[in-house]
Amino acid sequence: MNKVSVITVNYNQPQVTEELLQSIFSLNRYPETEIIVVDNGSRNNPVPEWLNKFPDVRFIRSESNLGFAGGNNLGIAAASGEYLFLVNNDTEFTPGLIETLVSVLDERPEVGVVSPKIRFFHQPDTLQYAGFTPMNFNTARNKRVGEFEIDKGQYDGVSGVTGFADGAAMMIRKQAIEKAGLMAEHFFLYYEEMDWCERIKRAGYKIWVETKALIYHKESVSVGKKSPLKEFFMNRNRILFIRRNAPTLSKLIFYCHFCGLVTPRNLLGYVKEKRFDLAAQLFKAIWWNVTHSKDSNELGYPISNI
C-alpha cells in the first residue's frame, strides 16, 4: 500500500484550516496517510495551539509568506509518501476521496498527477472542475470543464487525460516530482500548477481527472475577486506562463493578442468601474515581464501587502 502525504498551506486562516482537518478526521481515513500543514508566515502563529488540538498532524512554520508554490514545496520536502496530495486549506474531504485517487496512480503508472471532481462548498450541487480543456497558447485561454453546471452526473464515468490538474486538489506521484522538479516559486500565486503540469507532461507523464472522487472547495476565501493582488499576479503570471511554455510562434501571436485586444478591453472595463488601481496593476504586470527574465525571483509586489 503506497503511503499518501496530504499537504495543505495556511495563511491567516486558522479556522478554515481547522475545518479541513476536521473533515479529514471525520472520515475513515486511508490507512497509510500522513498530514502536513505548512503555516506560511501568518501574522499570528497558530502552530502552538494546533499541536495540542491535532497531535497526529505534522506542522511546519515558515516565518515568511512563500506563496502557494513555496509553501507547498516546503511541505513536499518534508513528506515521506509515495503519493503527495496537495489540497487548498479551504477544501473539505468526502468519503473515499484518497482511496479513489490512489487507485488511479496505482493502476496507471503513466499518470503523474490526478485531480478529483470539485464542487463549490457553498453551492454543493454546482461543479467547479471536472477537468481542463487544453491550453490555447496563442491566447493563453482554456477553461474548466463543467464549471458552474449543476452536477447531474453528466461527467461521471468520463475520467481520463485532461489538460491540467486543479491546484485546489491534486495528487502527484513522487517520482514525477523527482523528474520534473518542484513548483516554480517565482509565480507565487496563480498559474504555478499549470506551469508544473506542463513540466510534468514534458517529463513523460499524463495529467488525469478522476470524476469518481469528489472534494468541496470554498472558492474565494483566500483572495478577493477584484483585488489588486489578484489583478497583478493573474496578468503577470499569464504572460510568464506563455514565456516559459509556449512555442516561439505562439508567443508572438500571444503578445499581439494581449497588447492589442486584452489590454485595451481590460482598461475599458476598469474605467467603467472606476477601478484605476486595477489599471495600474495591469501595467505593472506587463512591465515586470518586459524587465525581468522568465526565471527571475523578484516578485514585483510588496510582500507586506499580501
# chains A, B, ... in the order shown; residues from 1 in each chain; ligands from 1

call {"tool": "select_by_dssp", "arguments": {"residues": "stretch 59-238 of chain A", "states": "alpha helix (DSSP H)", "output": "PyMOL selection string"}}
result
chain A and resi 67-78+97-107+174-180+192-202+228-238

call {"tool": "residues_around", "arguments": {"residues": "A:Ala77", "least_positions_apart": "5", "cutoff": "12 Å", "atoms": "only C-alpha atoms", "output": "list in words"}}
result
Ser5, Ile7, Ile36, Val38, Ile60, Gly70, Gly71, Asn72, Leu84, Lys174, Ile177, Glu178, Gly181, Leu182 and Met183 of chain A

call {"tool": "write_last_selection", "arguments": {"atoms": "N, CA and C atoms", "output": "PDB file, in the first residue's frame"}}
result
ATOM      1  N   SER A   5       0.885  11.457   1.466  1.00  0.00           N
ATOM      2  CA  SER A   5       1.130  12.638   2.284  1.00  0.00           C
ATOM      3  C   SER A   5       0.144  13.720   1.856  1.00  0.00           C
ATOM      4  N   ILE A   7      -0.920  17.417   2.031  1.00  0.00           N
ATOM      5  CA  ILE A   7      -0.213  18.666   2.311  1.00  0.00           C
ATOM      6  C   ILE A   7      -1.149  19.845   2.064  1.00  0.00           C
ATOM      7  N   ILE A  36       0.349  16.976   6.637  1.00  0.00           N
ATOM      8  CA  ILE A  36       1.334  18.042   6.853  1.00  0.00           C
ATOM      9  C   ILE A  36       0.658  19.383   6.598  1.00  0.00           C
ATOM     10  N   VAL A  38       1.512  23.422   6.470  1.00  0.00           N
ATOM     11  CA  VAL A  38       2.541  24.462   6.443  1.00  0.00           C
ATOM     12  C   VAL A  38       1.874  25.792   6.764  1.00  0.00           C
ATOM     13  N   ILE A  60       4.511  22.637  10.106  1.00  0.00           N
ATOM     14  CA  ILE A  60       5.748  23.307   9.719  1.00  0.00           C
ATOM     15  C   ILE A  60       5.457  24.807   9.667  1.00  0.00           C
ATOM     16  N   GLY A  70       5.768  28.010  -2.952  1.00  0.00           N
ATOM     17  CA  GLY A  70       6.794  27.887  -1.926  1.00  0.00           C
ATOM     18  C   GLY A  70       6.307  27.156  -0.691  1.00  0.00           C
ATOM     19  N   GLY A  71       5.084  27.467  -0.259  1.00  0.00           N
ATOM     20  CA  GLY A  71       4.524  26.781   0.902  1.00  0.00           C
ATOM     21  C   GLY A  71       4.349  25.297   0.650  1.00  0.00           C
ATOM     22  N   ASN A  72       3.817  24.951  -0.518  1.00  0.00           N
ATOM     23  CA  ASN A  72       3.649  23.529  -0.853  1.00  0.00           C
ATOM     24  C   ASN A  72       4.987  22.832  -1.020  1.00  0.00           C
ATOM     25  N   LEU A  84       1.704  12.388  -3.123  1.00  0.00           N
ATOM     26  CA  LEU A  84       1.541  13.630  -2.368  1.00  0.00           C
ATOM     27  C   LEU A  84       0.233  14.284  -2.798  1.00  0.00           C
ATOM     28  N   LYS A 174       5.388  10.931  -6.468  1.00  0.00           N
ATOM     29  CA  LYS A 174       6.685  11.480  -6.064  1.00  0.00           C
ATOM     30  C   LYS A 174       7.725  11.323  -7.173  1.00  0.00           C
ATOM     31  N   ILE A 177       7.619  14.193  -9.507  1.00  0.00           N
ATOM     32  CA  ILE A 177       8.261  15.398  -8.968  1.00  0.00           C
ATOM     33  C   ILE A 177       9.781  15.277  -9.097  1.00  0.00           C
ATOM     34  N   GLU A 178      10.311  14.094  -8.847  1.00  0.00           N
ATOM     35  CA  GLU A 178      11.757  13.891  -8.947  1.00  0.00           C
ATOM     36  C   GLU A 178      12.244  14.128 -10.368  1.00  0.00           C
ATOM     37  N   GLY A 181      10.829  18.218 -11.173  1.00  0.00           N
ATOM     38  CA  GLY A 181      11.207  19.270 -10.246  1.00  0.00           C
ATOM     39  C   GLY A 181      10.002  19.806  -9.487  1.00  0.00           C
ATOM     40  N   LEU A 182      10.260  20.664  -8.519  1.00  0.00           N
ATOM     41  CA  LEU A 182       9.214  21.275  -7.703  1.00  0.00           C
ATOM     42  C   LEU A 182       8.501  22.376  -8.472  1.00  0.00           C
ATOM     43  N   MET A 183       7.411  22.878  -7.900  1.00  0.00           N
ATOM     44  CA  MET A 183       6.720  24.014  -8.495  1.00  0.00           C
ATOM     45  C   MET A 183       7.626  25.236  -8.536  1.00  0.00           C
TER      46      MET A 183
END

call {"tool": "select_by_dssp", "arguments": {"residues": "stretch 105-172 of chain A", "states": "strand (DSSP E or B)", "output": "PyMOL selection string"}}
result
chain A and resi 111-120+123-129+132+136+141+144+150+160-161+166+169-172

call {"tool": "residues_around", "arguments": {"residues": "A:Ala140", "least_positions_apart": "3", "cutoff": "7 Å", "atoms": "only C-alpha atoms", "output": "number ranges by chain"}}
result
A: 135-137, 238, 242

call {"tool": "closest_residue", "arguments": {"among": "A:Leu97, A:Val57, A:Val114, A:Val4", "to": "A:Glu82", "atoms": "only C-alpha atoms"}}
result
A:Val4

call {"tool": "residues_around", "arguments": {"residues": "stretch 196-212 of chain A", "least_positions_apart": "2", "cutoff": "6 Å", "atoms": "only C-alpha atoms", "output": "PyMOL selection string"}}
result
chain A and resi 110-117+131+156+159-162+180+183+193-194

call {"tool": "residues_around", "arguments": {"residues": "stretch 10-17 of chain A", "least_positions_apart": "5", "cutoff": "7 Å", "atoms": "only C-alpha atoms", "output": "list in words"}}
result
Val38, Asp39, Asn40, Gly41, Ser42, Arg43, Pro46, Asn89 and Asp90 of chain A

call {"tool": "write_last_selection", "arguments": {"atoms": "N, CA and C atoms", "output": "mmCIF file, in the first residue's frame"}}
result
data_model
loop_
_atom_site.group_PDB
_atom_site.id
_atom_site.type_symbol
_atom_site.label_atom_id
_atom_site.label_comp_id
_atom_site.auth_asym_id
_atom_site.auth_seq_id
_atom_site.Cartn_x
_atom_site.Cartn_y
_atom_site.Cartn_z
ATOM 1 N N VAL A 38 1.512 23.422 6.470
ATOM 2 C CA VAL A 38 2.541 24.462 6.443
ATOM 3 C C VAL A 38 1.874 25.792 6.764
ATOM 4 N N ASP A 39 2.316 26.445 7.838
ATOM 5 C CA ASP A 39 1.842 27.805 8.093
ATOM 6 C C ASP A 39 2.781 28.768 7.385
ATOM 7 N N ASN A 40 2.217 29.532 6.458
ATOM 8 C CA ASN A 40 3.005 30.318 5.513
ATOM 9 C C ASN A 40 3.223 31.742 6.030
ATOM 10 N N GLY A 41 3.798 31.859 7.236
ATOM 11 C CA GLY A 41 4.111 33.177 7.775
ATOM 12 C C GLY A 41 2.904 33.969 8.215
ATOM 13 N N SER A 42 1.883 33.305 8.757
ATOM 14 C CA SER A 42 0.703 34.019 9.251
ATOM 15 C C SER A 42 1.104 35.042 10.311
ATOM 16 N N ARG A 43 0.331 36.129 10.378
ATOM 17 C CA ARG A 43 0.637 37.193 11.351
ATOM 18 C C ARG A 43 0.637 36.656 12.777
ATOM 19 N N PRO A 46 -0.377 30.062 14.494
ATOM 20 C CA PRO A 46 -1.361 29.142 15.071
ATOM 21 C C PRO A 46 -0.788 27.793 15.491
ATOM 22 N N ASN A 89 -6.336 24.792 1.706
ATOM 23 C CA ASN A 89 -6.859 24.703 3.070
ATOM 24 C C ASN A 89 -8.348 25.005 3.133
ATOM 25 N N ASP A 90 -8.914 25.574 2.061
ATOM 26 C CA ASP A 90 -10.356 25.863 2.036
ATOM 27 C C ASP A 90 -11.129 24.793 1.265
#

call {"tool": "closest_residue", "arguments": {"among": "A:Thr100, A:Asn237, A:Asn297, A:Thr91", "to": "A:Ala168", "atoms": "only C-alpha atoms"}}
result
A:Thr91

call {"tool": "atom_distance", "arguments": {"atom1": "atom CA of A:Gly300", "atom2": "atom CA of A:Ala285"}}
result
8.1 Å

call {"tool": "residues_around", "arguments": {"residues": "A:Tyr255", "least_positions_apart": "4", "cutoff": "10 Å", "atoms": "only C-alpha atoms", "output": "compact mmCIF listing (two decimals) with N, CA and C atoms, in the first residue's frame"}}
result
# COMPACT_ATOMS: atom_id res chain seq x y z
N ASN A 138 -1.84 30.49 -28.17
CA ASN A 138 -1.93 31.75 -28.91
C ASN A 138 -2.65 32.83 -28.11
N THR A 139 -3.53 32.41 -27.21
CA THR A 139 -4.32 33.37 -26.44
C THR A 139 -4.19 33.18 -24.93
N ILE A 239 1.22 36.00 -18.60
CA ILE A 239 2.28 36.28 -19.56
C ILE A 239 3.49 35.39 -19.29
N ILE A 242 3.17 31.81 -20.58
CA ILE A 242 3.40 31.70 -22.03
C ILE A 242 4.89 31.81 -22.33
N ARG A 243 5.57 32.71 -21.67
CA ARG A 243 7.01 32.86 -21.90
C ARG A 243 7.76 31.57 -21.61
N SER A 250 3.70 30.83 -31.22
CA SER A 250 2.56 31.10 -30.34
C SER A 250 2.86 32.25 -29.39
N LYS A 251 4.09 32.37 -28.93
CA LYS A 251 4.46 33.50 -28.09
C LYS A 251 4.22 34.81 -28.82
N CYS A 259 -1.55 42.56 -26.09
CA CYS A 259 -1.38 44.02 -26.18
C CYS A 259 -2.47 44.68 -27.03
N GLY A 260 -2.89 43.99 -28.08
CA GLY A 260 -3.84 44.62 -29.00
C GLY A 260 -5.30 44.44 -28.63
N LEU A 261 -5.62 43.39 -27.87
CA LEU A 261 -7.02 43.11 -27.54
C LEU A 261 -7.27 43.08 -26.04
N VAL A 262 -6.51 42.26 -25.31
CA VAL A 262 -6.78 42.06 -23.89
C VAL A 262 -6.57 43.34 -23.09

call {"tool": "closest_residue", "arguments": {"among": "A:Leu27, A:Val87, A:Leu51, A:Leu282", "to": "A:Val9", "atoms": "only C-alpha atoms"}}
result
A:Val87

call {"tool": "residues_around", "arguments": {"residues": "A:Asp195", "least_positions_apart": "5", "cutoff": "8 Å", "atoms": "only C-alpha atoms", "output": "NGL selection string"}}
result
:A and (183-184 or 241 or 244-245)

call {"tool": "write_last_selection", "arguments": {"atoms": "C-alpha atoms", "output": "PDB file, in the first residue's frame"}}
result
ATOM      1  CA  MET A 183       6.720  24.014  -8.495  1.00  0.00           C
ATOM      2  CA  ALA A 184       8.295  27.252  -9.718  1.00  0.00           C
ATOM      3  CA  PHE A 241       3.338  31.071 -18.270  1.00  0.00           C
ATOM      4  CA  ARG A 244       8.012  29.611 -20.172  1.00  0.00           C
ATOM      5  CA  ASN A 245       5.875  27.106 -22.072  1.00  0.00           C
TER       6      ASN A 245
END

call {"tool": "closest_residue", "arguments": {"among": "A:Arg173, A:Lys152, A:His217, A:Lys53", "to": "A:Gln128", "atoms": "only C-alpha atoms"}}
result
A:His217

call {"tool": "closest_residue", "arguments": {"among": "A:Thr133, A:Ser296, A:Thr94, A:Gln22", "to": "A:Glu185", "atoms": "only C-alpha atoms"}}
result
A:Ser296

call {"tool": "closest_residue", "arguments": {"among": "A:Arg275, A:Arg141, A:Leu127, A:Tyr301", "to": "A:Phe254", "atoms": "only C-alpha atoms"}}
result
A:Arg141
